[in-house]
Amino acid sequence: MKKGRFFNYKTLLGFLVSLLGLYLGFRKFDGAAFLDSMAKANLALYALAMVIMIFTIFLRAWRWQYLVRPLKKIPMKDMFAADMICYFGNNVFPLRLGEILRCYALSKVSGLSAVSIFGTVVLERLLDTIVFAVILILSALIFPGMPSWIRLSTWGAIIFVVIFLILFYIIRAKQVKLMDFVKQRLRFLSVGRFGRIFDHFVDGILTLRATPHLGLLTLQSIVIWGISIFVFWLVGVSLNIYFSMENLALLFIVTSAIISVPAAPGYVGTYHAGAIGVLMLLGYDLTASQTLAVLLHAVGFISLTVIGLIYFLKYNVNINEATNLNTVKSK
């Protein structure tokens, strides 16, 4: 394995950002008060939140199964295992290697090309981004107390959704000439890293044309995100904190968005800083904010990493092969 694949300036930047997040979130830290706050947590409710978090991964695997179905029908146990390996990889390895690992793992058991599987992962992330954008827009419309910077970012979400709907209409209508015209007009988007993101965005929409289960995929995505928000509320209740819908939406939006910031594996530091910042903005004291931030992060990190490790070992995932998707060919 080449060290440069993991230990490069991007990895270093991620760790530095995480250290900055940890410093900002915990530079004022009262250990005794923190432990006292943790001791008051309702472990039964917190364990339930962990179980529900695992259940959301089952739902994600179910949705992913429908995205992969145009390529091949694959058993749920393999879809779930690959998803768990993904979370293990993202929580342990730098550069969010989990997305590559799950493509490799599913390729091993299905015989599909890992590159083809990666196309379905792009589509899955596209669906999640759309649902998140809709949540952001609805939150800004429904809750008048949302901060101005949330309302400002809503315009970006609206633009994203509008672009998606236009491109999706073009693809569904099979207007190839019109699609070529759009791509020509948006040629400036094909530059550098943003160009690669835009290309994946378009590829994901193209894949939707071969997916006959669009209604079910939409429902699945809504349920997944709805349950994820409920987990946040349940973790709060385990500390005897009852969020209003407006505060819950704000906390969920910020923590979901901040994981896109380059960071160490598992979003350590950035996630905590974002959660603590929002909670203090909502009026919670520092210790309560730090405790809740740690528990919110751990509810998925601990359970998904442990289960993901089990599947990682069971499926005998080879990091060297996984980091080169082109080495995994279709049978």
# chains A, B, ... in the order shown; residues from 1 in each chain; ligands from 1
$ residues_around --residues "region 64-66 of chain A" --least-positions-apart "3" --cutoff "10 Å" --atoms "only C-alpha atoms" --output "PyMOL selection string"
chain A and resi 58-61+69-76+78-80+83+120-121+123-124+211-214+216-217+220
$ write_last_selection --atoms "C-alpha atoms" --output "mmCIF file, in the first residue's frame"
data_model
loop_
_atom_site.group_PDB
_atom_site.id
_atom_site.type_symbol
_atom_site.label_atom_id
_atom_site.label_comp_id
_atom_site.auth_asym_id
_atom_site.auth_seq_id
_atom_site.Cartn_x
_atom_site.Cartn_y
_atom_site.Cartn_z
ATOM 1 C CA PHE A 58 -30.777 -1.484 7.263
ATOM 2 C CA LEU A 59 -33.164 0.963 5.580
ATOM 3 C CA ARG A 60 -30.262 2.494 3.666
ATOM 4 C CA ALA A 61 -29.199 -0.977 2.521
ATOM 5 C CA ARG A 69 -31.186 -3.830 -8.937
ATOM 6 C CA PRO A 70 -30.893 -2.583 -12.573
ATOM 7 C CA LEU A 71 -27.404 -4.143 -12.493
ATOM 8 C CA LYS A 72 -28.171 -7.273 -10.464
ATOM 9 C CA LYS A 73 -30.443 -8.449 -7.648
ATOM 10 C CA ILE A 74 -28.292 -8.862 -4.537
ATOM 11 C CA PRO A 75 -29.407 -10.314 -1.146
ATOM 12 C CA MET A 76 -30.094 -7.842 1.654
ATOM 13 C CA ASP A 78 -24.750 -8.465 1.489
ATOM 14 C CA MET A 79 -26.126 -4.943 0.983
ATOM 15 C CA PHE A 80 -26.304 -4.405 4.749
ATOM 16 C CA ASP A 83 -23.050 -0.484 4.108
ATOM 17 C CA THR A 120 -25.130 3.676 -7.593
ATOM 18 C CA VAL A 121 -23.326 5.153 -4.574
ATOM 19 C CA LEU A 123 -26.916 8.280 -7.006
ATOM 20 C CA GLU A 124 -27.558 7.398 -3.358
ATOM 21 C CA THR A 211 -34.569 3.059 -12.051
ATOM 22 C CA PRO A 212 -38.279 2.164 -12.127
ATOM 23 C CA HIS A 213 -38.728 2.551 -8.365
ATOM 24 C CA LEU A 214 -38.429 6.332 -8.065
ATOM 25 C CA LEU A 216 -40.271 4.008 -3.416
ATOM 26 C CA LEU A 217 -36.766 5.493 -3.390
ATOM 27 C CA GLN A 220 -37.350 5.420 1.627
#
$ closest_atom_pairs --of "region 76-146 of chain A" --to "region 6-21 of chain A" --cutoff "12 Å" --atoms "only C-alpha atoms" --output "tab-separated table"
residue	atom	partner	partner_atom	distance
A:Val92	CA	A:Phe6	CA	11.8
A:Phe93	CA	A:Phe6	CA	8.2
A:Pro94	CA	A:Thr11	CA	6.3
A:Leu95	CA	A:Thr11	CA	6.6
A:Arg96	CA	A:Thr11	CA	10.1
A:Leu97	CA	A:Phe6	CA	9.3
$ atom_distance --atom1 "CA of Cys103 (chain A)" --atom2 "CA of Ile259 (chain A)"
21.0 Å
$ residues_around --residues "Ala157 (chain A)" --least-positions-apart "4" --cutoff "10 Å" --atoms "only C-alpha atoms" --output "PyMOL selection string"
chain A and resi 129-130+132-137+151-153+161-163
$ atom_distance --atom1 "CA of Leu67 (chain A)" --atom2 "CA of Asn90 (chain A)"
21.3 Å
$ closest_residue --among "A:Ile54, A:Ala264, A:Leu282, A:Val131" --to "Ser244 (chain A)" --atoms "only C-alpha atoms"
A:Leu282
$ residues_around --residues "Leu43 (chain A)" --least-positions-apart "3" --cutoff "8 Å" --atoms "only C-alpha atoms" --output "compact mmCIF listing (two decimals) with C-alpha atoms, in the first residue's frame"
# COMPACT_ATOMS: atom_id res chain seq x y z
CA TYR A 46 -29.48 5.76 24.69
CA ALA A 47 -29.21 2.05 23.86
CA SER A 238 -31.80 10.45 27.41
$ residues_around --residues "Thr305 (chain A)" --least-positions-apart "4" --cutoff "7 Å" --atoms "only C-alpha atoms" --output "ChimeraX atom specification"
/A:87-88,91,301,309
